[in-house]
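Below is one structure, written out as structure tokens, with a few remarks after it.
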Amino acid sequence: MNNYWFVFHRNLLVIQPVGDGSYTIPCCESVPFEVKEGREVHDVHPIGFDTVKAFETDMEEAPEGYEFCDLRASFYKLPLNLYNAAGKCREILYWDGNTQYCSACGGKMHMSTDISKKCEKCGREVWPLLSTAVICLIQRGDDVLLVHAHNFRGNFYGLIAGFVETGENLEQALEREIKEETGLTVTNIRYYASQPWPYPCGLMCGFYADYVSGEVKLQKEELAAGGWFNKDNLPELPGEMSIARRLINHWLEVKSSH
């Protein structure tokens with residue numbers, strides 16, 4: 001039986017060019033590249049696939065007939081189902097690499113199931129953890145709040161976002177992040193969609209909210225710039241791969257239909 005082989009060198013994914021200019025993931029019965037002795041080959045079960053294989057390689061250069069591609073950039077080269085599967089594989093490999101030893105007793109951790117490990121000494125079990133984040137498009141009449149964060153890779157403007165803290169629900173986390181980063185108060189928070197974000201192990205939960213009060217006072221430690229924009233004077237926007245762009249695109253569709 002053929003398997004898709006998701007092979008990573010850190011955040012670089014091995015992809016295979018196809019004759020028509022598109023790309024795919026190596027798909028064959030046996031592993032197409034050398035697996036270092038002792039290196040775990042994981043069985044991963046992304047949605048829409050029975051099983052795929054994933055492992056880390058020490059190759060510095062892709063073999064002939066293949067290419068290395070940054071996982072983010074692979075969104076624009078691979079079919080969406082393969083990009084999503086690659087994200088899950090990367091998260092499993094990241095988790096595996098960071099749970100080699102038990103945090104309770106220091107014993108060696110071994111795979112117990114496809115998504116769990118057990119300590120050989122104390123028997124403690126661990127599973128992959130997700131860092132849950134919220135992201136929100138805030139609208140004020142015909143305007144939308146867009147910001148440029150210090151950690152953005154590029155000059156684009158995006159949306160207010162932040163991680164959920166212990167003891168918060170998603171809406172509380174959103175209200176806190178908005179207040180901390182902009183000084184604004186919002187209402188009518190409503191869920192839009194969520195997105196896996198394997199950089200390295202996140203879940204982004206997208207919302208809309210309506211402005212109530214306050215002047216924009218940017219948290220300088222987090223944000224480099226920001227302000228209100230309308231659909232006719234938008235700055236550079238996030239890439240299509242992000243839920244931020246999906247939120248903005250949907251807002252633009254609604255504004256254009258009115």
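Naming works like this for the structure tokens: A, B, ... for the chains as they're shown, residue 1 at the start of each chain, ligands 1 onward in shown order.
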Checklist entry - Counting only C-alpha atoms, what is within 10 Å of stretch 96-107 of chain A, bar same-chain residues fewer than 3 positions away, as a PyMOL selection string? => result chain A and resi 40+42+56+90-93+110-111+115-128
Written file, previous selection with C-alpha atoms, as a PDB file, in the first residue's frame:
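Output (out-v7.pdb):
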```
ATOM      1  CA  GLU A  40      10.937   7.505  14.972  1.00  0.00           C
ATOM      2  CA  HIS A  42       5.265   8.260  12.999  1.00  0.00           C
ATOM      3  CA  GLU A  56      12.638  14.094  10.727  1.00  0.00           C
ATOM      4  CA  ARG A  90       4.872  18.899  11.804  1.00  0.00           C
ATOM      5  CA  GLU A  91       3.031  19.281  15.109  1.00  0.00           C
ATOM      6  CA  ILE A  92       3.508  15.589  15.949  1.00  0.00           C
ATOM      7  CA  LEU A  93       7.214  15.796  15.160  1.00  0.00           C
ATOM      8  CA  HIS A 110       8.377   6.043  24.526  1.00  0.00           C
ATOM      9  CA  MET A 111       5.477   6.116  22.067  1.00  0.00           C
ATOM     10  CA  ILE A 115      -0.643  10.312  19.781  1.00  0.00           C
ATOM     11  CA  SER A 116       0.611   9.480  23.266  1.00  0.00           C
ATOM     12  CA  LYS A 117       3.810   8.643  25.122  1.00  0.00           C
ATOM     13  CA  LYS A 118       4.522   6.834  28.370  1.00  0.00           C
ATOM     14  CA  CYS A 119       7.481   7.141  30.728  1.00  0.00           C
ATOM     15  CA  GLU A 120       9.474   3.927  31.115  1.00  0.00           C
ATOM     16  CA  LYS A 121      10.102   4.688  34.804  1.00  0.00           C
ATOM     17  CA  CYS A 122       6.999   6.221  36.385  1.00  0.00           C
ATOM     18  CA  GLY A 123       4.410   5.446  33.747  1.00  0.00           C
ATOM     19  CA  ARG A 124       3.382   9.081  33.258  1.00  0.00           C
ATOM     20  CA  GLU A 125       1.512   9.604  29.984  1.00  0.00           C
ATOM     21  CA  VAL A 126       1.587  12.695  27.783  1.00  0.00           C
ATOM     22  CA  TRP A 127      -0.282  13.814  24.676  1.00  0.00           C
ATOM     23  CA  PRO A 128       0.342  16.628  22.191  1.00  0.00           C
TER      24      PRO A 128
END
```
Checklist entry - If you count only C-alpha atoms, which residues fall within 8 Å of A:Tyr191, apart from same-chain ones fewer than 4 positions away, as a ChimeraX atom specification? => result /A:205-208
Residue selection dump (all heavy atoms) as a CSV table (one decimal), in the first residue's frame:
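So the final result, stored in selection-v4.csv, reads:
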```
chain,number,residue,atom,x,y,z
A,205,CYS,N,-8.8,30.7,16.9
A,205,CYS,CA,-10.2,30.8,16.9
A,205,CYS,C,-10.6,32.3,16.5
A,205,CYS,O,-10.3,33.2,17.2
A,205,CYS,CB,-10.8,30.5,18.3
A,205,CYS,SG,-10.3,28.9,18.9
A,206,GLY,N,-11.3,32.4,15.4
A,206,GLY,CA,-11.6,33.7,14.8
A,206,GLY,C,-13.0,34.2,15.2
A,206,GLY,O,-14.0,33.5,15.2
A,207,PHE,N,-13.0,35.5,15.5
A,207,PHE,CA,-14.2,36.2,15.9
A,207,PHE,C,-14.4,37.6,15.2
A,207,PHE,O,-13.4,38.1,14.7
A,207,PHE,CB,-14.2,36.4,17.4
A,207,PHE,CG,-14.3,35.2,18.2
A,207,PHE,CD1,-13.1,34.5,18.5
A,207,PHE,CD2,-15.5,34.7,18.8
A,207,PHE,CE1,-13.1,33.4,19.3
A,207,PHE,CE2,-15.5,33.6,19.5
A,207,PHE,CZ,-14.3,32.9,19.8
A,208,TYR,N,-15.6,38.1,15.2
A,208,TYR,CA,-15.9,39.4,14.9
A,208,TYR,C,-16.4,40.1,16.2
A,208,TYR,O,-17.0,39.5,17.1
A,208,TYR,CB,-17.0,39.5,13.9
A,208,TYR,CG,-16.6,39.2,12.5
A,208,TYR,CD1,-16.9,37.9,12.0
A,208,TYR,CD2,-15.9,40.0,11.7
A,208,TYR,CE1,-16.5,37.5,10.7
A,208,TYR,CE2,-15.5,39.7,10.4
A,208,TYR,CZ,-15.8,38.4,9.9
A,208,TYR,OH,-15.4,38.0,8.7
```
With a cut-off of 12 Å, could you pull out the residues of stretch 43-102 of chain A touching stretch 236-247 of chain A and give me the nearest pair of atoms for each, distance in Å to one decimal, using only C-alpha atoms, ordered by chain and ascending number, as a tab-separated table?
```
residue	atom	partner	partner_atom	distance
A:Leu71	CA	A:Met241	CA	11.3
A:Arg72	CA	A:Met241	CA	8.2
A:Ala73	CA	A:Met241	CA	9.2
A:Ser74	CA	A:Met241	CA	10.0
A:Phe75	CA	A:Met241	CA	6.6
A:Tyr76	CA	A:Met241	CA	8.1
A:Lys77	CA	A:Met241	CA	11.5
A:Leu78	CA	A:Met241	CA	11.8
A:Leu80	CA	A:Met241	CA	9.8
A:Tyr83	CA	A:Met241	CA	10.2
A:Asn84	CA	A:Met241	CA	10.8
```
Would you export the selected residues with N, CA and C atoms as a tab-separated table (two decimals), in the first residue's frame, please?
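Okay, again25.tsv is ready:
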```
chain	number	residue	atom	x	y	z
A	71	LEU	N	7.31	25.23	5.52
A	71	LEU	CA	5.93	24.78	5.71
A	71	LEU	C	4.92	25.87	5.38
A	72	ARG	N	5.18	27.10	5.79
A	72	ARG	CA	4.24	28.19	5.47
A	72	ARG	C	4.11	28.36	3.96
A	73	ALA	N	5.25	28.36	3.27
A	73	ALA	CA	5.22	28.57	1.83
A	73	ALA	C	4.57	27.41	1.09
A	74	SER	N	4.55	26.23	1.71
A	74	SER	CA	3.95	25.07	1.04
A	74	SER	C	2.45	25.24	0.85
A	75	PHE	N	1.83	26.15	1.60
A	75	PHE	CA	0.40	26.44	1.41
A	75	PHE	C	0.11	26.85	-0.03
A	76	TYR	N	1.06	27.57	-0.62
A	76	TYR	CA	0.87	28.12	-1.97
A	76	TYR	C	1.32	27.14	-3.06
A	77	LYS	N	1.85	25.99	-2.67
A	77	LYS	CA	2.33	25.02	-3.65
A	77	LYS	C	1.56	23.70	-3.61
A	78	LEU	N	1.13	23.29	-2.43
A	78	LEU	CA	0.47	21.99	-2.28
A	78	LEU	C	-1.05	22.13	-2.33
A	80	LEU	N	-4.66	21.81	-0.75
A	80	LEU	CA	-4.98	22.17	0.63
A	80	LEU	C	-4.97	20.96	1.56
A	83	TYR	N	-1.38	20.22	2.43
A	83	TYR	CA	-0.83	21.24	3.33
A	83	TYR	C	-1.34	21.03	4.76
A	84	ASN	N	-2.64	20.78	4.91
A	84	ASN	CA	-3.20	20.55	6.25
A	84	ASN	C	-2.60	19.30	6.89
```
Checklist entry - Taking the backbone alone, and naming residues the way the document does, which bits of stretch 4-239 of chain A are helix (DSSP H, G or I) by DSSP, as a ChimeraX atom specification? => result /A:71-74,80-97,170-182
Restricted to N, CA and C atoms, what would the selected residues look like written as an mmCIF file, in the first residue's frame?
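Result saved to again-v9.cif:
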```cif
data_model
loop_
_atom_site.group_PDB
_atom_site.id
_atom_site.type_symbol
_atom_site.label_atom_id
_atom_site.label_comp_id
_atom_site.auth_asym_id
_atom_site.auth_seq_id
_atom_site.Cartn_x
_atom_site.Cartn_y
_atom_site.Cartn_z
ATOM 1 N N LEU A 71 7.311 25.231 5.521
ATOM 2 C CA LEU A 71 5.930 24.779 5.708
ATOM 3 C C LEU A 71 4.922 25.868 5.378
ATOM 4 N N ARG A 72 5.176 27.103 5.792
ATOM 5 C CA ARG A 72 4.238 28.188 5.473
ATOM 6 C C ARG A 72 4.106 28.362 3.964
ATOM 7 N N ALA A 73 5.247 28.360 3.274
ATOM 8 C CA ALA A 73 5.224 28.573 1.825
ATOM 9 C C ALA A 73 4.568 27.411 1.094
ATOM 10 N N SER A 74 4.548 26.231 1.715
ATOM 11 C CA SER A 74 3.952 25.075 1.043
ATOM 12 C C SER A 74 2.447 25.239 0.846
ATOM 13 N N LEU A 80 -4.662 21.813 -0.752
ATOM 14 C CA LEU A 80 -4.982 22.173 0.630
ATOM 15 C C LEU A 80 -4.973 20.964 1.561
ATOM 16 N N ASN A 81 -5.473 19.815 1.093
ATOM 17 C CA ASN A 81 -5.514 18.654 1.975
ATOM 18 C C ASN A 81 -4.108 18.190 2.358
ATOM 19 N N LEU A 82 -3.154 18.310 1.434
ATOM 20 C CA LEU A 82 -1.782 17.913 1.745
ATOM 21 C C LEU A 82 -1.100 18.943 2.648
ATOM 22 N N TYR A 83 -1.380 20.224 2.433
ATOM 23 C CA TYR A 83 -0.832 21.245 3.328
ATOM 24 C C TYR A 83 -1.344 21.032 4.755
ATOM 25 N N ASN A 84 -2.642 20.778 4.914
ATOM 26 C CA ASN A 84 -3.202 20.546 6.246
ATOM 27 C C ASN A 84 -2.600 19.305 6.893
ATOM 28 N N ALA A 85 -2.423 18.253 6.098
ATOM 29 C CA ALA A 85 -1.800 17.035 6.628
ATOM 30 C C ALA A 85 -0.364 17.303 7.044
ATOM 31 N N ALA A 86 0.353 18.100 6.258
ATOM 32 C CA ALA A 86 1.730 18.450 6.600
ATOM 33 C C ALA A 86 1.782 19.187 7.930
ATOM 34 N N GLY A 87 0.813 20.076 8.167
ATOM 35 C CA GLY A 87 0.767 20.805 9.425
ATOM 36 C C GLY A 87 0.610 19.880 10.612
ATOM 37 N N LYS A 88 -0.273 18.894 10.490
ATOM 38 C CA LYS A 88 -0.460 17.952 11.596
ATOM 39 C C LYS A 88 0.807 17.134 11.813
ATOM 40 N N CYS A 89 1.434 16.702 10.734
ATOM 41 C CA CYS A 89 2.673 15.935 10.864
ATOM 42 C C CYS A 89 3.752 16.762 11.559
ATOM 43 N N ARG A 90 3.862 18.047 11.185
ATOM 44 C CA ARG A 90 4.872 18.899 11.804
ATOM 45 C C ARG A 90 4.621 19.046 13.297
ATOM 46 N N GLU A 91 3.359 19.153 13.691
ATOM 47 C CA GLU A 91 3.031 19.281 15.109
ATOM 48 C C GLU A 91 3.400 18.018 15.879
ATOM 49 N N ILE A 92 3.149 16.852 15.294
ATOM 50 C CA ILE A 92 3.508 15.589 15.949
ATOM 51 C C ILE A 92 5.018 15.494 16.110
ATOM 52 N N LEU A 93 5.755 15.863 15.083
ATOM 53 C CA LEU A 93 7.214 15.796 15.160
ATOM 54 C C LEU A 93 7.764 16.795 16.179
ATOM 55 N N TYR A 94 7.170 17.978 16.234
ATOM 56 C CA TYR A 94 7.594 18.986 17.215
ATOM 57 C C TYR A 94 7.351 18.467 18.629
ATOM 58 N N TRP A 95 6.178 17.901 18.851
ATOM 59 C CA TRP A 95 5.840 17.339 20.162
ATOM 60 C C TRP A 95 6.791 16.207 20.525
ATOM 61 N N ASP A 96 7.062 15.317 19.579
ATOM 62 C CA ASP A 96 7.962 14.202 19.840
ATOM 63 C C ASP A 96 9.350 14.704 20.239
ATOM 64 N N GLY A 97 9.852 15.673 19.509
ATOM 65 C CA GLY A 97 11.183 16.187 19.796
ATOM 66 C C GLY A 97 11.298 16.888 21.133
ATOM 67 N N LEU A 170 -13.074 31.786 25.667
ATOM 68 C CA LEU A 170 -12.548 32.450 24.477
ATOM 69 C C LEU A 170 -12.945 33.922 24.420
ATOM 70 N N GLU A 171 -14.192 34.202 24.793
ATOM 71 C CA GLU A 171 -14.661 35.589 24.742
ATOM 72 C C GLU A 171 -13.931 36.470 25.760
ATOM 73 N N GLN A 172 -13.696 35.940 26.952
ATOM 74 C CA GLN A 172 -12.971 36.697 27.962
ATOM 75 C C GLN A 172 -11.540 36.978 27.520
ATOM 76 N N ALA A 173 -10.912 35.978 26.906
ATOM 77 C CA ALA A 173 -9.552 36.167 26.406
ATOM 78 C C ALA A 173 -9.517 37.264 25.345
ATOM 79 N N LEU A 174 -10.533 37.265 24.497
ATOM 80 C CA LEU A 174 -10.592 38.263 23.431
ATOM 81 C C LEU A 174 -10.770 39.667 23.990
ATOM 82 N N GLU A 175 -11.688 39.830 24.919
ATOM 83 C CA GLU A 175 -11.911 41.145 25.527
ATOM 84 C C GLU A 175 -10.640 41.635 26.222
ATOM 85 N N ARG A 176 -9.943 40.744 26.920
ATOM 86 C CA ARG A 176 -8.715 41.127 27.619
ATOM 87 C C ARG A 176 -7.628 41.553 26.623
ATOM 88 N N GLU A 177 -7.423 40.746 25.568
ATOM 89 C CA GLU A 177 -6.386 41.067 24.588
ATOM 90 C C GLU A 177 -6.659 42.409 23.904
ATOM 91 N N ILE A 178 -7.913 42.641 23.542
ATOM 92 C CA ILE A 178 -8.269 43.894 22.871
ATOM 93 C C ILE A 178 -8.012 45.079 23.790
ATOM 94 N N LYS A 179 -8.401 44.941 25.067
ATOM 95 C CA LYS A 179 -8.196 46.025 26.030
ATOM 96 C C LYS A 179 -6.717 46.270 26.256
ATOM 97 N N GLU A 180 -5.938 45.191 26.411
ATOM 98 C CA GLU A 180 -4.509 45.336 26.674
ATOM 99 C C GLU A 180 -3.772 45.955 25.489
ATOM 100 N N GLU A 181 -4.115 45.524 24.285
ATOM 101 C CA GLU A 181 -3.332 45.928 23.112
ATOM 102 C C GLU A 181 -3.804 47.225 22.470
ATOM 103 N N THR A 182 -5.078 47.610 22.697
ATOM 104 C CA THR A 182 -5.600 48.808 22.026
ATOM 105 C C THR A 182 -6.310 49.783 22.948
#
```
Checklist entry - What lies within 8 Å of A:Met1 using only C-alpha atoms, ignoring chain neighbours under 2 positions off, as an NGL selection string? => result :A and (3 or 28-29)
Checklist entry - Running DSSP on the backbone, which parts of stretch 19-245 of chain A land in strand (DSSP E), as a PyMOL selection string? => result chain A and resi 23-24+27-28+42-44+52-56+67-70+109-113+116-119+125-126+131-140+143-149+160-163+185-197+202-213+223-230
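With only C-alpha atoms taken into account, the protein and nucleic acid residues at most 12 Å from A:Val41 (excluding it and anything under 3 positions from it in its own chain) are Trp5, Phe6, Val7, Phe8, Ser30, Val31, Phe33, Glu34, Val35, Lys36, Glu37, Gly38, Val44, Val52, Lys53, Ala54, Phe55, Glu56, Thr57, Cys89, Ile92, Leu93, Asp96, Met111 and Asp114 of chain A.
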Kindly save the residues from that selection, with N, CA and C atoms included, as an mmCIF file, in the first residue's frame.
```cif
data_model
loop_
_atom_site.group_PDB
_atom_site.id
_atom_site.type_symbol
_atom_site.label_atom_id
_atom_site.label_comp_id
_atom_site.auth_asym_id
_atom_site.auth_seq_id
_atom_site.Cartn_x
_atom_site.Cartn_y
_atom_site.Cartn_z
ATOM 1 N N TRP A 5 4.607 10.318 2.406
ATOM 2 C CA TRP A 5 5.737 10.446 3.316
ATOM 3 C C TRP A 5 6.026 11.933 3.527
ATOM 4 N N PHE A 6 5.713 12.418 4.737
ATOM 5 C CA PHE A 6 5.961 13.810 5.103
ATOM 6 C C PHE A 6 7.300 13.867 5.840
ATOM 7 N N VAL A 7 8.294 14.340 5.135
ATOM 8 C CA VAL A 7 9.667 14.322 5.636
ATOM 9 C C VAL A 7 10.105 15.765 5.888
ATOM 10 N N PHE A 8 10.545 16.032 7.108
ATOM 11 C CA PHE A 8 10.904 17.387 7.504
ATOM 12 C C PHE A 8 12.365 17.475 7.916
ATOM 13 N N SER A 30 7.378 2.173 0.289
ATOM 14 C CA SER A 30 8.465 2.191 1.260
ATOM 15 C C SER A 30 9.087 3.578 1.321
ATOM 16 N N VAL A 31 9.803 3.841 2.409
ATOM 17 C CA VAL A 31 10.362 5.159 2.635
ATOM 18 C C VAL A 31 11.311 5.539 1.496
ATOM 19 N N PHE A 33 13.558 7.921 1.420
ATOM 20 C CA PHE A 33 14.813 8.512 1.863
ATOM 21 C C PHE A 33 15.348 7.728 3.047
ATOM 22 N N GLU A 34 16.599 7.924 3.336
ATOM 23 C CA GLU A 34 17.234 7.242 4.459
ATOM 24 C C GLU A 34 16.663 7.747 5.780
ATOM 25 N N VAL A 35 16.356 6.802 6.672
ATOM 26 C CA VAL A 35 15.899 7.137 8.012
ATOM 27 C C VAL A 35 17.037 6.826 8.978
ATOM 28 N N LYS A 36 17.492 7.825 9.688
ATOM 29 C CA LYS A 36 18.592 7.636 10.627
ATOM 30 C C LYS A 36 18.215 6.617 11.682
ATOM 31 N N GLU A 37 19.168 5.753 12.045
ATOM 32 C CA GLU A 37 18.917 4.711 13.033
ATOM 33 C C GLU A 37 18.436 5.330 14.346
ATOM 34 N N GLY A 38 17.359 4.765 14.884
ATOM 35 C CA GLY A 38 16.777 5.267 16.114
ATOM 36 C C GLY A 38 15.769 6.384 15.920
ATOM 37 N N VAL A 44 0.578 8.968 11.298
ATOM 38 C CA VAL A 44 -0.259 10.138 11.583
ATOM 39 C C VAL A 44 -1.568 9.969 10.827
ATOM 40 N N VAL A 52 -0.717 8.451 7.217
ATOM 41 C CA VAL A 52 0.448 8.953 6.504
ATOM 42 C C VAL A 52 1.656 8.730 7.409
ATOM 43 N N LYS A 53 2.843 8.816 6.847
ATOM 44 C CA LYS A 53 4.080 8.619 7.590
ATOM 45 C C LYS A 53 4.798 9.957 7.709
ATOM 46 N N ALA A 54 5.450 10.157 8.843
ATOM 47 C CA ALA A 54 6.185 11.409 9.058
ATOM 48 C C ALA A 54 7.440 11.132 9.861
ATOM 49 N N PHE A 55 8.530 11.767 9.470
ATOM 50 C CA PHE A 55 9.751 11.665 10.256
ATOM 51 C C PHE A 55 10.660 12.848 9.964
ATOM 52 N N GLU A 56 11.633 13.048 10.862
ATOM 53 C CA GLU A 56 12.638 14.094 10.727
ATOM 54 C C GLU A 56 13.854 13.523 9.998
ATOM 55 N N THR A 57 14.447 14.334 9.157
ATOM 56 C CA THR A 57 15.658 13.935 8.453
ATOM 57 C C THR A 57 16.789 14.898 8.780
ATOM 58 N N CYS A 89 1.434 16.702 10.734
ATOM 59 C CA CYS A 89 2.673 15.935 10.864
ATOM 60 C C CYS A 89 3.752 16.762 11.559
ATOM 61 N N ILE A 92 3.149 16.852 15.294
ATOM 62 C CA ILE A 92 3.508 15.589 15.949
ATOM 63 C C ILE A 92 5.018 15.494 16.110
ATOM 64 N N LEU A 93 5.755 15.863 15.083
ATOM 65 C CA LEU A 93 7.214 15.796 15.160
ATOM 66 C C LEU A 93 7.764 16.795 16.179
ATOM 67 N N ASP A 96 7.062 15.317 19.579
ATOM 68 C CA ASP A 96 7.962 14.202 19.840
ATOM 69 C C ASP A 96 9.350 14.704 20.239
ATOM 70 N N MET A 111 6.804 6.073 22.667
ATOM 71 C CA MET A 111 5.477 6.116 22.067
ATOM 72 C C MET A 111 4.615 4.987 22.630
ATOM 73 N N ASP A 114 -0.340 6.257 18.721
ATOM 74 C CA ASP A 114 0.099 7.202 17.692
ATOM 75 C C ASP A 114 0.142 8.634 18.203
#
```
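If you count only C-alpha atoms and ignore residues fewer than 4 places along the chain from stretch 62-65 of chain A, what sits within 10 Å of it is His9, Leu12, Leu13, Val14, Ile15, Gln16, Pro17, Val18, Pro32, Phe33 and Cys69 of chain A.
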Checklist entry - With only C-alpha atoms as the basis for distance, which of A:Lys108, A:His150, A:Arg39, A:Arg140 is at the shortest distance from A:Gln219? => result A:His150
Next on the checklist: One decimal, in Å: what's the spacing between atom CA of A:Leu146 and atom CA of A:Leu159?
Outcome noted: 5.4 Å
